[in-house]
>>> print(open('work.cif').read())   # mmCIF, C-alpha atoms and all ligand atoms
data_model
loop_
_atom_site.label_atom_id
_atom_site.label_comp_id
_atom_site.auth_asym_id
_atom_site.auth_seq_id
_atom_site.Cartn_x
_atom_site.Cartn_y
_atom_site.Cartn_z
CA MET A 1 -61.82 -96.50 -29.67
CA LYS A 2 -58.41 -95.89 -28.22
CA GLN A 3 -57.73 -93.30 -30.94
CA ASP A 4 -61.04 -91.48 -30.14
CA ILE A 5 -60.18 -91.28 -26.46
CA LYS A 6 -56.74 -89.88 -27.30
CA ARG A 7 -58.32 -87.23 -29.54
CA ILE A 8 -60.83 -86.22 -26.83
CA VAL A 9 -58.09 -85.96 -24.20
CA GLY A 10 -55.90 -84.06 -26.65
CA LEU A 11 -58.69 -81.60 -27.49
CA THR A 12 -59.55 -81.16 -23.84
CA VAL A 13 -55.94 -80.40 -22.99
CA LEU A 14 -55.83 -78.00 -25.90
CA VAL A 15 -59.00 -76.25 -24.79
CA VAL A 16 -57.73 -76.02 -21.20
CA LEU A 17 -54.48 -74.62 -22.43
CA VAL A 18 -56.23 -72.08 -24.65
CA ILE A 19 -58.50 -71.00 -21.77
CA ALA A 20 -55.56 -70.83 -19.41
CA ALA A 21 -53.60 -68.85 -21.92
CA PHE A 22 -56.51 -66.47 -22.36
CA VAL A 23 -56.94 -65.91 -18.63
CA MET A 24 -53.23 -65.48 -18.10
CA GLY A 25 -53.08 -63.11 -21.04
CA VAL A 26 -55.77 -60.89 -19.53
CA ARG A 27 -53.94 -60.90 -16.21
CA VAL A 28 -50.67 -59.95 -17.80
CA ALA A 29 -52.40 -57.23 -19.78
CA LYS A 30 -54.01 -55.92 -16.61
CA LEU A 31 -50.68 -55.92 -14.82
CA VAL A 32 -49.17 -54.01 -17.69
CA ASP A 33 -52.09 -51.58 -17.52
CA LEU A 34 -51.70 -51.14 -13.79
CA THR A 35 -48.01 -50.53 -14.11
CA TYR A 36 -48.68 -48.07 -16.86
CA VAL A 37 -51.24 -46.23 -14.76
CA GLU A 38 -48.94 -46.14 -11.78
CA MET A 39 -46.10 -44.77 -13.83
CA ASN A 40 -48.37 -42.02 -15.02
CA THR A 41 -49.74 -41.10 -11.65
CA THR A 42 -46.57 -41.39 -9.60
CA PRO A 43 -45.16 -37.87 -9.62
CA THR A 44 -42.01 -37.55 -11.64
CA PRO A 45 -39.06 -36.85 -9.32
CA GLU A 46 -38.12 -33.16 -9.05
CA PRO A 47 -35.42 -32.00 -11.45
CA PRO A 48 -31.94 -32.43 -9.98
CA VAL A 49 -32.11 -29.43 -7.70
CA ARG A 50 -29.24 -30.76 -5.64
CA ASN A 51 -26.96 -30.84 -8.62
CA VAL A 52 -27.76 -27.23 -9.43
CA MET A 53 -27.06 -26.20 -5.85
CA GLN A 54 -23.79 -28.10 -5.89
CA VAL A 55 -22.57 -26.05 -8.79
CA THR A 56 -23.21 -22.75 -7.07
CA ILE A 57 -21.76 -23.64 -3.66
CA ASP A 58 -18.90 -25.80 -4.83
CA PRO A 59 -16.38 -25.21 -2.03
CA SER A 60 -13.44 -25.58 -4.39
CA ALA A 61 -14.69 -22.73 -6.57
CA PRO A 62 -13.02 -19.37 -5.78
CA THR A 63 -15.35 -16.94 -4.03
CA PRO A 64 -15.01 -13.33 -5.19
CA GLN A 65 -12.67 -11.33 -2.93
CA PRO A 66 -13.51 -7.70 -2.19
CA VAL A 67 -10.62 -5.39 -3.03
CA LEU A 68 -9.59 -3.12 -0.14
CA ARG A 69 -8.03 0.25 -0.85
CA SER A 70 -7.85 3.83 0.44
CA GLY A 71 -11.34 4.82 1.52
CA SER A 72 -12.56 1.25 2.17
CA GLN A 73 -14.11 0.69 5.57
CA GLY A 74 -15.78 -1.91 7.72
CA GLU A 75 -15.20 -5.39 9.06
CA GLU A 76 -12.77 -6.43 6.30
CA VAL A 77 -10.56 -3.41 6.96
CA TRP A 78 -10.73 -4.18 10.67
CA GLN A 79 -9.42 -7.69 10.00
CA LEU A 80 -6.76 -6.35 7.66
CA GLN A 81 -5.48 -3.87 10.25
CA THR A 82 -5.46 -6.56 12.93
CA ARG A 83 -3.43 -8.89 10.70
CA LEU A 84 -0.98 -6.14 9.70
CA ARG A 85 -0.50 -5.27 13.36
CA GLU A 86 0.16 -8.91 14.28
CA LEU A 87 2.91 -8.95 11.68
CA GLY A 88 4.39 -5.63 12.83
CA TYR A 89 3.49 -3.49 9.80
CA TYR A 90 0.70 -1.47 11.36
CA ASN A 91 0.69 0.33 14.67
CA SER A 92 -2.07 2.92 14.39
CA SER A 93 -5.55 2.40 15.76
CA ILE A 94 -7.62 -0.50 14.48
CA ASP A 95 -10.67 1.45 13.40
CA GLY A 96 -11.88 -0.22 10.20
CA GLN A 97 -10.97 2.87 8.14
CA PHE A 98 -8.49 2.34 5.28
CA GLY A 99 -6.48 5.58 5.56
CA PRO A 100 -2.86 6.56 4.76
CA GLY A 101 -1.46 4.60 7.72
CA THR A 102 -3.12 1.40 6.52
CA LYS A 103 -1.96 2.07 2.99
CA ASN A 104 1.66 2.56 4.13
CA ALA A 105 1.49 -0.67 6.09
CA VAL A 106 0.13 -2.55 3.06
CA ILE A 107 2.88 -1.09 0.85
CA ALA A 108 5.56 -2.12 3.36
CA PHE A 109 4.08 -5.62 3.46
CA GLN A 110 3.94 -5.82 -0.34
CA ARG A 111 7.50 -4.60 -0.76
CA GLN A 112 8.84 -7.12 1.72
CA HIS A 113 7.02 -9.95 -0.06
CA GLY A 114 7.91 -9.02 -3.63
CA LEU A 115 4.33 -8.06 -4.46
CA ASP A 116 3.27 -5.14 -6.60
CA ALA A 117 3.56 -2.32 -4.04
CA ASP A 118 0.37 -0.45 -4.91
CA GLY A 119 -1.16 -0.26 -1.43
CA ILE A 120 -4.26 -2.09 -2.65
CA VAL A 121 -5.31 -5.40 -1.10
CA GLY A 122 -6.48 -7.55 -4.00
CA GLU A 123 -6.55 -11.33 -4.21
CA GLY A 124 -2.77 -11.71 -4.57
CA THR A 125 -1.84 -9.63 -1.54
CA LYS A 126 -4.66 -11.13 0.51
CA ALA A 127 -3.54 -14.67 -0.28
CA VAL A 128 -0.01 -14.00 0.97
CA LEU A 129 -1.16 -11.91 3.93
CA TYR A 130 -3.20 -14.72 5.45
CA SER A 131 -0.81 -17.55 4.53
CA ASP A 132 2.22 -19.10 6.24
CA GLN A 133 4.38 -17.12 3.83
CA ALA A 134 3.48 -13.86 5.57
CA GLN A 135 6.63 -12.67 7.32
CA LEU A 136 7.05 -10.40 10.30
CA LYS A 137 8.22 -6.95 9.35
CA ALA A 138 11.98 -6.90 8.94
CA THR A 139 13.83 -3.86 10.22
CA PRO A 140 16.61 -3.38 7.70
CA ALA A 141 20.00 -2.49 9.09
CA PRO A 142 20.46 1.04 7.79
CA THR A 143 23.60 1.76 5.86
CA ARG A 144 25.59 4.91 6.35
CA GLU A 145 27.16 5.96 3.10
CA PRO A 146 30.55 7.62 2.95
CA VAL A 147 30.60 11.24 1.87
CA SER A 148 33.20 13.45 0.38
CA PRO A 149 34.70 15.50 3.27
CA ALA A 150 35.00 18.60 1.11
CA MET A 151 31.37 18.39 0.01
CA PRO A 152 29.47 16.63 2.78
CA TRP A 153 26.19 16.98 0.87
CA THR A 154 27.54 14.79 -1.91
CA ARG A 155 28.37 11.11 -2.05
CA THR A 156 31.88 10.12 -3.10
CA ASP A 157 30.51 9.22 -6.54
CA GLY A 158 29.24 12.80 -6.91
CA LEU A 159 25.54 12.02 -6.53
CA PRO A 160 23.30 13.71 -3.95
CA LEU A 161 23.26 12.20 -0.47
CA LEU A 162 20.37 9.76 -0.16
CA VAL A 163 18.74 9.79 3.25
CA ASN A 164 15.77 7.56 3.97
CA ARG A 165 14.66 4.68 6.18
CA GLU A 166 17.27 2.37 4.65
CA ASN A 167 20.04 4.95 4.25
CA PHE A 168 20.86 6.90 7.36
CA MET A 169 23.03 9.99 7.55
CA PRO A 170 26.75 9.25 7.44
CA GLU A 171 28.25 8.70 10.89
CA GLY A 172 29.60 11.91 12.38
CA TYR A 173 28.17 14.04 9.59
CA GLN A 174 29.14 17.69 9.91
CA PRO A 175 27.21 20.31 7.97
CA ALA A 176 29.49 22.51 5.86
CA GLU A 177 28.18 25.97 6.80
CA LEU A 178 24.93 26.44 8.62
CA VAL A 179 23.40 29.91 8.57
CA ASN A 180 20.60 31.27 10.70
CA MET A 181 17.87 31.77 8.17
CA ALA A 182 16.02 34.58 9.93
CA ASP A 183 19.22 36.63 9.98
CA TYR A 184 20.38 35.59 6.54
CA CYS A 185 17.16 35.98 4.49
CA SER A 186 15.28 39.20 3.81
CA SER A 187 11.82 38.95 5.34
CA ASN A 188 10.52 40.60 2.16
CA ILE A 189 11.45 37.44 0.28
CA VAL A 190 10.64 34.71 2.77
CA LYS A 191 9.29 34.56 6.31
CA ILE A 192 11.15 32.20 8.64
CA LYS A 193 8.61 30.75 11.05
CA TYR A 194 11.03 29.89 13.88
CA SER A 195 13.85 32.29 14.70
CA ASP A 196 16.39 29.52 15.37
CA THR A 197 15.97 27.74 12.00
CA GLN A 198 19.27 26.94 10.32
CA ALA A 199 20.25 25.51 6.92
CA GLU A 200 23.27 25.06 4.65
CA ARG A 201 24.29 28.38 3.15
CA MET A 202 24.54 26.97 -0.38
CA ALA A 203 20.95 25.72 -0.24
CA VAL A 204 19.67 28.94 1.32
CA ASP A 205 21.32 30.96 -1.47
CA ALA A 206 19.55 28.80 -4.06
CA LEU A 207 16.26 29.21 -2.19
CA ILE A 208 16.55 33.00 -2.12
CA ALA A 209 17.44 33.13 -5.83
CA MET A 210 14.40 30.98 -6.63
CA LEU A 211 11.93 32.91 -4.50
CA LYS A 212 13.11 36.24 -5.93
CA VAL A 213 11.99 35.00 -9.34
CA ALA A 214 8.65 33.84 -7.89
CA HIS A 215 8.12 37.37 -6.54
CA THR A 216 8.66 38.84 -10.00
CA GLN A 217 5.90 36.51 -11.21
CA GLY A 218 3.48 37.77 -8.57
CA ILE A 219 3.78 34.97 -6.04
CA THR A 220 4.97 36.74 -2.96
CA VAL A 221 3.90 34.93 0.20
CA TRP A 222 6.45 32.31 1.30
CA GLN A 223 7.37 30.83 4.63
CA VAL A 224 9.94 28.27 5.79
CA SER A 225 8.61 26.08 8.63
CA ALA A 226 11.51 23.68 8.91
CA ALA A 227 15.03 23.24 7.57
CA TYR A 228 18.08 21.76 9.31
CA ARG A 229 17.48 19.37 12.18
CA SER A 230 20.30 17.71 14.05
CA GLU A 231 20.05 14.02 14.84
CA SER A 232 19.87 14.85 18.54
CA TYR A 233 16.91 17.16 17.93
CA GLN A 234 15.23 14.45 15.87
CA GLN A 235 15.90 12.06 18.74
CA GLN A 236 14.06 14.48 21.07
CA LEU A 237 11.07 14.63 18.71
CA PHE A 238 11.10 10.85 18.45
CA ASP A 239 11.31 10.29 22.21
CA GLN A 240 8.52 12.78 22.87
CA GLN A 241 6.22 10.87 20.55
CA VAL A 242 7.18 7.54 22.14
CA ASP A 243 6.36 8.97 25.59
CA GLU A 244 3.05 10.30 24.34
CA TYR A 245 2.03 6.91 22.91
CA MET A 246 2.95 5.25 26.22
CA ASP A 247 1.17 7.83 28.41
CA LYS A 248 -1.93 8.62 26.38
CA ASN A 249 -2.46 5.38 24.46
CA GLY A 250 -1.13 2.99 27.08
CA LEU A 251 1.23 1.25 24.61
CA SER A 252 4.24 -0.76 25.78
CA TYR A 253 7.64 0.77 25.02
CA ASN A 254 8.21 -1.53 22.01
CA ASP A 255 4.75 -0.84 20.58
CA ALA A 256 5.18 2.88 21.16
CA VAL A 257 8.51 2.84 19.27
CA SER A 258 6.93 0.93 16.36
CA ALA A 259 4.01 3.35 16.27
CA THR A 260 6.32 6.37 16.37
CA ARG A 261 8.38 5.04 13.46
CA LEU A 262 5.32 5.44 11.26
CA THR A 263 4.91 9.15 11.88
CA VAL A 264 8.28 10.53 12.98
CA MET A 265 11.43 9.79 10.99
CA GLU A 266 13.91 7.87 13.06
CA PRO A 267 16.95 9.93 14.11
CA GLY A 268 19.48 9.57 11.29
CA SER A 269 16.88 8.91 8.60
CA SER A 270 15.40 12.40 8.15
CA GLU A 271 16.42 14.41 5.13
CA HIS A 272 16.32 17.51 7.31
CA HIS A 273 19.62 16.35 8.85
CA THR A 274 21.36 17.38 5.62
CA GLY A 275 20.49 21.06 6.05
CA LEU A 276 19.48 20.93 2.36
CA ALA A 277 15.74 20.35 2.80
CA PHE A 278 13.07 22.95 3.45
CA ASP A 279 9.43 22.70 4.39
CA ILE A 280 7.78 25.57 2.51
CA THR A 281 4.42 26.76 3.78
CA VAL A 282 1.92 29.56 3.40
CA PRO A 283 0.84 30.96 6.78
CA GLY A 284 -2.67 29.96 7.75
CA VAL A 285 -3.52 27.62 4.86
CA ALA A 286 -2.91 24.01 3.90
CA PHE A 287 -0.07 24.07 1.38
CA LYS A 288 -1.34 21.40 -1.01
CA GLY A 289 -3.17 22.99 -3.93
CA THR A 290 -1.93 26.55 -3.30
CA GLU A 291 -0.42 28.58 -6.16
CA GLN A 292 2.87 28.35 -4.27
CA ALA A 293 2.69 24.53 -4.37
CA GLU A 294 2.01 24.60 -8.10
CA TRP A 295 4.76 27.11 -8.75
CA LEU A 296 7.31 25.02 -6.86
CA ALA A 297 6.29 21.82 -8.65
CA ASP A 298 6.78 23.59 -12.00
CA ASN A 299 9.87 25.66 -11.29
CA CYS A 300 11.98 24.41 -8.38
CA TRP A 301 14.01 22.11 -10.67
CA ASP A 302 15.54 25.08 -12.50
CA TYR A 303 17.08 26.27 -9.22
CA GLY A 304 18.54 22.92 -8.12
CA PHE A 305 15.62 21.75 -5.98
CA ILE A 306 13.47 18.65 -6.26
CA ILE A 307 10.00 17.83 -4.92
CA ARG A 308 11.38 15.03 -2.80
CA TYR A 309 8.17 13.11 -2.06
CA ALA A 310 5.93 13.15 -5.12
CA SER A 311 2.50 11.54 -5.24
CA ASP A 312 3.45 9.23 -8.12
CA LYS A 313 6.52 7.97 -6.23
CA GLU A 314 4.94 7.09 -2.89
CA ASP A 315 5.52 3.37 -3.43
CA ILE A 316 9.24 3.98 -3.96
CA THR A 317 9.96 6.64 -1.34
CA GLY A 318 7.61 5.01 1.16
CA ILE A 319 6.47 8.53 2.13
CA LEU A 320 3.07 9.99 1.33
CA ALA A 321 3.25 12.97 -1.02
CA GLU A 322 4.68 16.14 0.57
CA PRO A 323 4.37 19.01 -1.91
CA TRP A 324 5.94 21.36 0.67
CA HIS A 325 9.21 19.47 1.18
CA ILE A 326 11.91 20.53 -1.27
CA ARG A 327 15.47 19.27 -1.27
CA TYR A 328 18.49 20.96 -2.77
CA VAL A 329 20.56 18.68 -5.02
CA GLY A 330 21.98 21.17 -7.56
CA THR A 331 20.80 21.74 -11.11
CA GLU A 332 23.18 19.12 -12.53
CA HIS A 333 20.93 16.56 -10.82
CA SER A 334 17.55 18.28 -10.46
CA ILE A 335 17.11 18.86 -14.19
CA PRO A 336 17.77 15.26 -15.30
CA MET A 337 15.59 14.05 -12.45
CA ARG A 338 12.75 16.25 -13.70
CA ASP A 339 13.29 15.30 -17.35
CA GLU A 340 13.41 11.57 -16.63
CA ASN A 341 10.78 11.74 -13.88
CA LEU A 342 13.03 9.99 -11.36
CA CYS A 343 12.80 10.35 -7.61
CA LEU A 344 16.09 10.37 -5.70
CA GLU A 345 15.95 6.64 -4.97
CA GLU A 346 15.48 5.88 -8.68
CA TYR A 347 18.11 8.39 -9.79
CA ILE A 348 20.74 6.90 -7.52
CA ALA A 349 19.79 3.34 -8.46
CA LYS A 350 20.24 4.31 -12.11
CA TYR A 351 23.39 6.44 -11.96
CA GLY A 352 25.07 5.58 -8.66
CA SER A 353 28.41 3.79 -8.78
CA TYR A 354 28.03 1.83 -5.55
ZN ZN A 401 10.26 18.15 5.44
#
>>> encode(input="work.cif", output="structure tokens")
Amino acid sequence: MKQDIKRIVGLTVLVVLVIAAFVMGVRVAKLVDLTYVEMNTTPTPEPPVRNVMQVTIDPSAPTPQPVLRSGSQGEEVWQLQTRLRELGYYNSSIDGQFGPGTKNAVIAFQRQHGLDADGIVGEGTKAVLYSDQAQLKATPAPTREPVSPAMPWTRTDGLPLLVNRENFMPEGYQPAELVNMADYCSSNIVKIKYSDTQAERMAVDALIAMLKVAHTQGITVWQVSAAYRSESYQQQLFDQQVDEYMDKNGLSYNDAVSATRLTVMEPGSSEHHTGLAFDITVPGVAFKGTEQAEWLADNCWDYGFIIRYASDKEDITGILAEPWHIRYVGTEHSIPMRDENLCLEEYIAKYGSY
């Protein structure tokens, strides 16, 4: 009997367990089903849009910088001019137009900071310009080179006198022999615009010899607009411009002087002080592009003259191209300068002895 009871209890327990297991199994299966359904109906999260956005607006990634150059205009140029003015490189009007004045200021900035002096504001120049490294414009103390007393137009090492913003005329310079050009030159060869224009005789002789040849080649209209200028006359021109900036533009004296420096050579730094430079013009027309300009560019070298401010040397001379300004240096210098394509600054750097 006892064994039968045990069997019945055992079977009952077994049955209960089987039933329980069955019920539980269905429940589990249903839960699995439900979960499965939910996973299918719950919308899949959007693709990682945020990650994509992060790549494109990563603040550490360099943003493309617009390059500013001659002809650029607008807000960026406005900012550039404002910055250059703060630092003392630019004194013209802040007008958002990238013209020659802006270019000169950029070149001056680049030269002072050891950058490629191309007058173009690319990433490199821009980075320095708006950094702590940007320095105020330095005004170099001009040097006054000694000259040979017998030949005041020549340095003691025999090279032509270099006169520019960094190299002023020698102290107490005395021209050797100034002649009045209107009296000295035949008006059939060259017209002298102002009756009081003077220049060094030696240079005037070379000019006449050169223009006589031009006449034989059919180029006959020539005028001299400027030649010798004393330092005191240059000082007058300079002061007049300073006054004008103060009166008409309302600039302070210091600002007016800085602004004037950009357009009028400072007394002592003009090549016209030598009496060896001429501004050649054609009455009534702009000189650039005339047959006279072309003839001079091709031929002046053979007569001892150089085109002092060439377009491909603007970054070295610091002066925008002046096809009308010729300077007498003598054929012993003008011909090698032509053949080696050297401006006066380069020629003296290469061959000068001090
Ligand atoms: Zn000139």
>>> atom_distance(input="work.cif", atom1="atom CA of Ala297 of chain A", atom2="atom CA of Ala203 of chain A")
17.3 Å
>>> closest_atom_pairs(input="work.cif", of="chain A", to="ligand ZN 401 (chain A)", cutoff="12 Å", atoms="only C-alpha atoms and all ligand atoms", output="JSON lines")
{"residue": "A:Val224", "atom": "CA", "partner": "A:ZN401", "partner_atom": "ZN", "distance": 10.1}
{"residue": "A:Ser225", "atom": "CA", "partner": "A:ZN401", "partner_atom": "ZN", "distance": 8.7}
{"residue": "A:Ala226", "atom": "CA", "partner": "A:ZN401", "partner_atom": "ZN", "distance": 6.6}
{"residue": "A:Ala227", "atom": "CA", "partner": "A:ZN401", "partner_atom": "ZN", "distance": 7.3}
{"residue": "A:Tyr228", "atom": "CA", "partner": "A:ZN401", "partner_atom": "ZN", "distance": 9.4}
{"residue": "A:Arg229", "atom": "CA", "partner": "A:ZN401", "partner_atom": "ZN", "distance": 10.0}
{"residue": "A:Val264", "atom": "CA", "partner": "A:ZN401", "partner_atom": "ZN", "distance": 10.9}
{"residue": "A:Met265", "atom": "CA", "partner": "A:ZN401", "partner_atom": "ZN", "distance": 10.1}
{"residue": "A:Ser269", "atom": "CA", "partner": "A:ZN401", "partner_atom": "ZN", "distance": 11.8}
{"residue": "A:Ser270", "atom": "CA", "partner": "A:ZN401", "partner_atom": "ZN", "distance": 8.2}
{"residue": "A:Glu271", "atom": "CA", "partner": "A:ZN401", "partner_atom": "ZN", "distance": 7.2}
{"residue": "A:His272", "atom": "CA", "partner": "A:ZN401", "partner_atom": "ZN", "distance": 6.4}
{"residue": "A:His273", "atom": "CA", "partner": "A:ZN401", "partner_atom": "ZN", "distance": 10.1}
{"residue": "A:Thr274", "atom": "CA", "partner": "A:ZN401", "partner_atom": "ZN", "distance": 11.1}
{"residue": "A:Gly275", "atom": "CA", "partner": "A:ZN401", "partner_atom": "ZN", "distance": 10.7}
{"residue": "A:Leu276", "atom": "CA", "partner": "A:ZN401", "partner_atom": "ZN", "distance": 10.1}
{"residue": "A:Ala277", "atom": "CA", "partner": "A:ZN401", "partner_atom": "ZN", "distance": 6.5}
{"residue": "A:Phe278", "atom": "CA", "partner": "A:ZN401", "partner_atom": "ZN", "distance": 5.9}
{"residue": "A:Asp279", "atom": "CA", "partner": "A:ZN401", "partner_atom": "ZN", "distance": 4.7}
{"residue": "A:Ile280", "atom": "CA", "partner": "A:ZN401", "partner_atom": "ZN", "distance": 8.4}
{"residue": "A:Thr281", "atom": "CA", "partner": "A:ZN401", "partner_atom": "ZN", "distance": 10.5}
{"residue": "A:Ile307", "atom": "CA", "partner": "A:ZN401", "partner_atom": "ZN", "distance": 10.4}
{"residue": "A:Arg308", "atom": "CA", "partner": "A:ZN401", "partner_atom": "ZN", "distance": 8.9}
{"residue": "A:Tyr309", "atom": "CA", "partner": "A:ZN401", "partner_atom": "ZN", "distance": 9.3}
{"residue": "A:Ile319", "atom": "CA", "partner": "A:ZN401", "partner_atom": "ZN", "distance": 10.9}
{"residue": "A:Leu320", "atom": "CA", "partner": "A:ZN401", "partner_atom": "ZN", "distance": 11.6}
{"residue": "A:Ala321", "atom": "CA", "partner": "A:ZN401", "partner_atom": "ZN", "distance": 10.8}
{"residue": "A:Glu322", "atom": "CA", "partner": "A:ZN401", "partner_atom": "ZN", "distance": 7.7}
{"residue": "A:Pro323", "atom": "CA", "partner": "A:ZN401", "partner_atom": "ZN", "distance": 9.5}
{"residue": "A:Trp324", "atom": "CA", "partner": "A:ZN401", "partner_atom": "ZN", "distance": 7.2}
{"residue": "A:His325", "atom": "CA", "partner": "A:ZN401", "partner_atom": "ZN", "distance": 4.6}
{"residue": "A:Ile326", "atom": "CA", "partner": "A:ZN401", "partner_atom": "ZN", "distance": 7.3}
{"residue": "A:Arg327", "atom": "CA", "partner": "A:ZN401", "partner_atom": "ZN", "distance": 8.6}
{"residue": "A:Tyr328", "atom": "CA", "partner": "A:ZN401", "partner_atom": "ZN", "distance": 12.0}
>>> atom_distance(input="work.cif", atom1="atom CA of Tyr173 of chain A", atom2="atom CA of Thr156 of chain A")
13.8 Å
>>> closest_residue(input="work.cif", among="A:Gln81, A:Gly218, A:Tyr90, A:Gln73", to="Thr260 of chain A", atoms="only C-alpha atoms")
A:Tyr90
>>> atom_distance(input="work.cif", atom1="atom CA of Ile335 of chain A", atom2="atom CA of Val179 of chain A")
26.1 Å
>>> residues_around(input="work.cif", residues="segment 188-194 of chain A", least_positions_apart="3", cutoff="9 Å", atoms="all atoms listed in the file", output="JSON, numbers by chain")
{"A": [181, 182, 185, 197, 208, 211, 212, 215, 220, 221, 222, 223, 224, 225, 226, 283]}
>>> write_last_selection(input="work.cif", atoms="C-alpha atoms", output="short mmCIF file (atom, residue, chain, number, x, y, z; two decimals), in the frame of the given file")
data_model
loop_
_atom_site.label_atom_id
_atom_site.label_comp_id
_atom_site.auth_asym_id
_atom_site.auth_seq_id
_atom_site.Cartn_x
_atom_site.Cartn_y
_atom_site.Cartn_z
CA MET A 181 17.87 31.77 8.17
CA ALA A 182 16.02 34.58 9.93
CA CYS A 185 17.16 35.98 4.49
CA THR A 197 15.97 27.74 12.00
CA ILE A 208 16.55 33.00 -2.12
CA LEU A 211 11.93 32.91 -4.50
CA LYS A 212 13.11 36.24 -5.93
CA HIS A 215 8.12 37.37 -6.54
CA THR A 220 4.97 36.74 -2.96
CA VAL A 221 3.90 34.93 0.20
CA TRP A 222 6.45 32.31 1.30
CA GLN A 223 7.37 30.83 4.63
CA VAL A 224 9.94 28.27 5.79
CA SER A 225 8.61 26.08 8.63
CA ALA A 226 11.51 23.68 8.91
CA PRO A 283 0.84 30.96 6.78
#
